[in-house]
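Trainee: This is the structure I want to talk about, given as C-alpha cells.
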Amino acid sequence: MKISLYQKLAFSIFIIFSLICTLVLSWSQQLDQVSQHQAEQKLHLELAEHLVSDNPLLKQGVYDYKALENLFHTLMLLGPAFEFYFVDPSGEILTYSAKPGKVKRKRINLSPVLQLIENAENMPIYGDDPRNFDKLKIFSAAPVYSAPTNISQNDNGKLQGYLYVIIGGEVYDTVFSRIKSNDTLLITASWLLAALVFLFIILLLLLRYFTKPIKQLAKEITLIQEANFDLQKVALSQWPKHKSNEVHMLGDSLNTIVRLIHQQINLLEQNDNQRRELLTHLSHDLRTPLASLQGYLEILTLKKTDLSEEQQQEYLAITLNNCKQLKHLIDQIFELAHLESGRVSVNNELFNLGELVYDVVAKFALKAEKSKVELIIKPKVCDFKTLCDIAKLERVLSNLIENALRHTPENGSITINVFSKDTKLTIQVCDTGSGIKAEEINYIFDARYRASNAVGNKKQHGGLGLAISKRLLHILNSDIKVQSEFGQGTQFEFSIRQAI
C-alpha cells in the first residue's frame with residue numbers, strides 16, 4: 001500500500017505529540033507529587049517532636065514497649081494517614097503498631113533521619129518504608145532520650161532511639177490511589193484523549209492544507225512525464241509567485257523548466273527535420289553532377305574513336321564543370337559542418353576594412369563584367385580600421401556578393417556601403433536583383449532552403465552560402481539583417497567592431 005507524504009507527516013507528528021504529552025503528563029505528576037510531599041513534610045515536620053515532648057511515655061524515655069505499641073495503635077486510629085515506629089540508635093525497629101507480616105524491614109537507614117533532625121531545609125527528604133523494601137516515604141522524626149540524671153547541667157539523658165513517623169502510610173496510599181483511580185485518573189485520561197483527538201484533527205487539516213500543493217505538483221509532474229513533455233497534451237497549473245512559499249516557487253520554476261524542455265524538444269525535432277531535408281537535397285545535388293559526370297565519362301570511354309576532337313573537348317569541359325560544382329558543394333558541406341561543430345577559433349587582427357572590400361570586389365570583377373553587372377563601393381575612399389578575423393570576414397563578403405551576382409540581372413548593380421555608426425562599422429550589400437518575398441525572408445538562412453527567386457535560376461550553386469555567412473557572423477559576435485522587396489532588390493547588413 002502506497003503511503004502519501006501527507007499520511008506520513010500526520011502519523012509522525014501524532015506519534016511525536018503523543019510521546020511529548022506522555023512525558024509532560026508524567027513530569028507534571030511527578031512534580032505535583034514532589035510538591036505535595038514537600039508541603040506535607042513541612043506541615044508535619046514537628047509532629048514527632050511534639051509527640052515526644054507531650055507524651056509522658058516518650059518524654060521520660062521508653063521502657064515499656066508494649067505500652068508504646070498500644071500508644072501507636074491509638075495514634076494510628078486517630079490519624080490513619082500516619083504510621084508510627086520506634087527505632088534504636090542503630091536504626092533497628094523496636095516497636096510499631098501494625099498487623100503481623102505488614103512490617104518487612106527490621107531496620108531503617110538513619111542517614112535521612114539525622115539529616116531531617118539536623119538540617120531540614122532541602123525537603124522533601126525520603127526515608128525507608130518499613131512496610132516495603134523498594135519504596136521511600138516522607139517522614140517526621142525526633143530523638144527520644146531517657147530521663148535526665150543531672151538537671152542543673154542541662155543533661156538530656158541517654159539517647160534511647162528515634163520516633164519515626166511515616167507521613168502518608170499504606171492505608172493513606174491505598175485510599176488515595178482508589179480515589180485517584182476512580183476520579184482524577186479517569187478525568188485526566190478523558191481530557192488527554194480528547195485533547196489528542198482534537199489536536200490530531202487540527203494537524204490533519206493543517207497538514208492537508210500545507211501538503212496539497214506538493215500533491216498537486218507531484219500529480220502534475222506525472223502527467224507531464226506521461227505526455228512526454230508535450231504541452232499540447234497537458235495544461236500547466238498557474239502557481240502564485242509568492243517568495244515566502246517554497247512550494248509555489250518550485251511549481252513556478254517547474255513550469256519554466258517544462259516550457260524550456262518543450263521548446264528544446266521542438267527545436268530538436270525541427271533540426272532533425274531540417275537535417276533530413278538537407279540530406280535529401282544534398283543527395284539530389286550530389287547525384288545530379290555525379291550522374292552527368294559518369295555519363296560523359298562513359299561516352300568518352302566507349303566512343304572515344306567515334307568522337308571528333310571538338311566533341312571530346314566539349315564533353316571534357318562539361319565533365320570538368322560538373323567536377324567543380326561537385327567539389328564546391330562538398331566544400332560547402334564540410335565548411336558548414338565545421339562551423340556547427342563549435343570548435344572554430346577566432347583570430348582577430350587589426351586591418352583596413354576598405355582594403356579587404358576592394359580585394360573581394362576585385363575577385364568578382366571579371367564575373368560581374370561578364371554578367372553585365374556593375375559593382376560599386378561607397379564611399380570610394382573607404383579608410384576604416386577594424387579588429388576582426390580577416391579570413392572569416394572575407395568569406396562572408398564573398399558569399400554575399402556571389403549571392404547578389406546570382407540574383408541580379410543584366411544591367412543591374414551591386415553596391416557595397418561601409419559607414420561608421422556607434423563605434424561599429426556597418427557593411428551593406430545591396431543589389432537590384434529579383435528580391436525575396438516577405439514570407440520567405442525568415443527562411444533564407446536555413447541550409448538548403450531555395451526561395452522562389454531561385455526556382456528556374458540556371459546558375460548553379462550549392463545553396464549553403466547564406467547559412468555559412470550567418471554562422472560565421474555569429475562566431476564573430478555579429479548578426480545579419482535583410483531587407484527585400486520582391487522584384488526590387490535585396491539589402492544584407494551586418495556590423496563589426498571598429499578599432500579606435
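Every chain in the C-alpha cells has a letter given in the order shown (A, B, ...), and although residue numbers restart at 1 in each chain, ligands are simply numbered from 1 in the order shown.
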Using only C-alpha atoms, which protein or nucleic acid residues come within 10 Å of A:Ile377? Drop anything in the same chain fewer than 5 positions from it, and give the result as a list in words.
Mentor: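 Skipping anything fewer than 5 positions along the chain leaves Gly354, Val357, Tyr358, Val361, Cys382, Ile414, Thr415, Ile416, Asn417, Val418 and Val429 of chain A.
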Trainee: Need the shell around stretch 314-318 of chain A: protein/DNA/RNA residues with any atom at most 12 Å away, counting only C-alpha atoms. Skip same-chain ones fewer than 5 positions apart. Format as a list of chain:residue names?
Mentor: A:Pro289, A:Leu290, A:Ser292, A:Leu293, A:Gln294, A:Gly295, A:Tyr296, A:Leu297, A:Glu298, A:Ile299, A:Leu300, A:Thr301, A:Lys303, A:Lys304, A:Leu307, A:Ser308, A:Glu309, A:Cys323, A:Lys324, A:Gln325
Trainee: Identify all residues of stretch 311-461 of chain A in strand (DSSP E or B) (DSSP on the backbone) and supply them as an NGL selection string.
Mentor: :A and (349-352 or 374-378 or 385-388 or 413-421 or 424-431)
Trainee: Might you pull out every residue within 12 Å of A:Val247, with only C-alpha atoms counted and same-chain residues fewer than 5 positions away left off, and present them as a short mmCIF file (atom, residue, chain, number, x, y, z; two decimals) with C-alpha atoms, in the first residue's frame?
Mentor:
data_model
loop_
_atom_site.label_atom_id
_atom_site.label_comp_id
_atom_site.auth_asym_id
_atom_site.auth_seq_id
_atom_site.Cartn_x
_atom_site.Cartn_y
_atom_site.Cartn_z
CA PHE A 210 0.28 22.51 3.53
CA THR A 211 0.82 19.31 1.53
CA LYS A 212 -1.96 19.87 -1.00
CA PRO A 213 0.32 21.95 -3.33
CA ILE A 214 3.01 19.24 -3.11
CA LYS A 215 0.47 16.58 -4.03
CA GLN A 216 -0.73 18.73 -6.92
CA LEU A 217 2.87 19.28 -8.02
CA ALA A 218 3.65 15.55 -7.93
CA TRP A 239 1.36 28.93 -9.45
CA PRO A 240 1.20 32.18 -7.43
CA LYS A 241 4.56 33.88 -7.30
CA HIS A 242 4.99 34.04 -3.51
CA ASP A 252 6.65 28.14 -10.99
CA SER A 253 10.25 27.02 -11.63
CA LEU A 254 8.96 23.64 -12.81
#
Trainee: Run DSSP on the backbone and tell me which residues of stretch 96-271 of chain A come out as alpha helix (DSSP H); list them as an MDAnalysis selection string.
Mentor: chainID A and resid 111:118 170:179 185:226 246:271
Trainee: So how many Å separate atom CA of A:His262 and atom CA of A:Asp230, to one decimal?
Mentor: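 So the answer is 6.3 Å.
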Trainee: Could you tell me how far atom CA of A:Tyr443 sits from atom CA of A:Thr256, in Å to one decimal place?
Mentor: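 Computing the Euclidean distance for atom CA of A:Thr256 and atom CA of A:Tyr443 yields 28.0 Å.
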Trainee: Between atom CA of A:Asp359 and atom CA of A:Asp446, what distance in Å does the model show, to one decimal?
Mentor: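 Value for the atom CA of A:Asp359-atom CA of A:Asp446 distance: 28.1 Å.
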Trainee: Could you tell me which of A:Ala337, A:Val373, A:Ala195, A:Met123 comes closest to A:Asn411 if we count only C-alpha atoms?
Mentor: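 Among the listed residues, the smallest separation from A:Asn411 belongs to A:Val373.
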Trainee: Could you name the residues that touch A:Lys481 at 8 Å or less, counting only C-alpha atoms, but leaving out those on the same chain fewer than 5 positions away, as a ChimeraX atom specification?
Mentor: /A:492-494
Trainee: For A:Ala10, which of A:Ile257, A:Leu350, A:Leu199, A:Leu267 is the closest residue, counting only C-alpha atoms?
Mentor: A:Leu199
Trainee: Within 7 Å of A:Ala142, counting only C-alpha atoms, which residues qualify if same-chain residues fewer than 5 places away don't, as a list in words?
Mentor: Ala48, Glu49, Ile117, Tyr162 and Leu163 of chain A
Trainee: Find the residues near A:Lys42: any atom within 10 Å, counting only C-alpha atoms, skip ones fewer than 4 places away on the same chain, and give them as a list in words.
Mentor: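 Here the answer would be Gln36, His37, Gln38, Glu46, Leu47, Ala120, Glu121, Met123, Pro124, Ile138, Phe139 and Ser140 of chain A.
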Trainee: How about saving the chosen residues, N, CA and C atoms kept, as an mmCIF file, in the first residue's frame?
Mentor:
data_model
loop_
_atom_site.group_PDB
_atom_site.id
_atom_site.type_symbol
_atom_site.label_atom_id
_atom_site.label_comp_id
_atom_site.auth_asym_id
_atom_site.auth_seq_id
_atom_site.Cartn_x
_atom_site.Cartn_y
_atom_site.Cartn_z
ATOM 1 N N GLN A 36 3.621 18.025 46.643
ATOM 2 C CA GLN A 36 2.720 17.555 47.698
ATOM 3 C C GLN A 36 3.508 16.982 48.869
ATOM 4 N N HIS A 37 4.523 16.186 48.591
ATOM 5 C CA HIS A 37 5.348 15.614 49.658
ATOM 6 C C HIS A 37 6.074 16.693 50.434
ATOM 7 N N GLN A 38 6.575 17.689 49.704
ATOM 8 C CA GLN A 38 7.289 18.785 50.379
ATOM 9 C C GLN A 38 6.353 19.538 51.318
ATOM 10 N N GLU A 46 7.203 18.859 62.704
ATOM 11 C CA GLU A 46 7.390 18.822 64.163
ATOM 12 C C GLU A 46 6.430 17.842 64.844
ATOM 13 N N LEU A 47 5.765 17.002 64.031
ATOM 14 C CA LEU A 47 4.817 16.055 64.610
ATOM 15 C C LEU A 47 5.503 15.108 65.583
ATOM 16 N N ALA A 120 16.741 20.564 58.109
ATOM 17 C CA ALA A 120 15.502 20.231 57.405
ATOM 18 C C ALA A 120 15.163 21.281 56.354
ATOM 19 N N GLU A 121 16.153 21.738 55.574
ATOM 20 C CA GLU A 121 15.901 22.783 54.592
ATOM 21 C C GLU A 121 15.542 22.201 53.219
ATOM 22 N N MET A 123 13.819 19.970 51.605
ATOM 23 C CA MET A 123 12.745 18.986 51.611
ATOM 24 C C MET A 123 12.108 18.919 50.222
ATOM 25 N N PRO A 124 11.532 17.774 49.880
ATOM 26 C CA PRO A 124 11.253 16.611 50.748
ATOM 27 C C PRO A 124 12.480 15.713 50.923
ATOM 28 N N ILE A 138 8.065 10.063 52.800
ATOM 29 C CA ILE A 138 8.366 11.247 53.617
ATOM 30 C C ILE A 138 8.008 10.910 55.070
ATOM 31 N N PHE A 139 8.664 11.569 55.977
ATOM 32 C CA PHE A 139 8.505 11.186 57.391
ATOM 33 C C PHE A 139 8.770 12.383 58.291
ATOM 34 N N SER A 140 8.460 12.183 59.555
ATOM 35 C CA SER A 140 8.822 13.123 60.622
ATOM 36 C C SER A 140 9.543 12.310 61.698
#
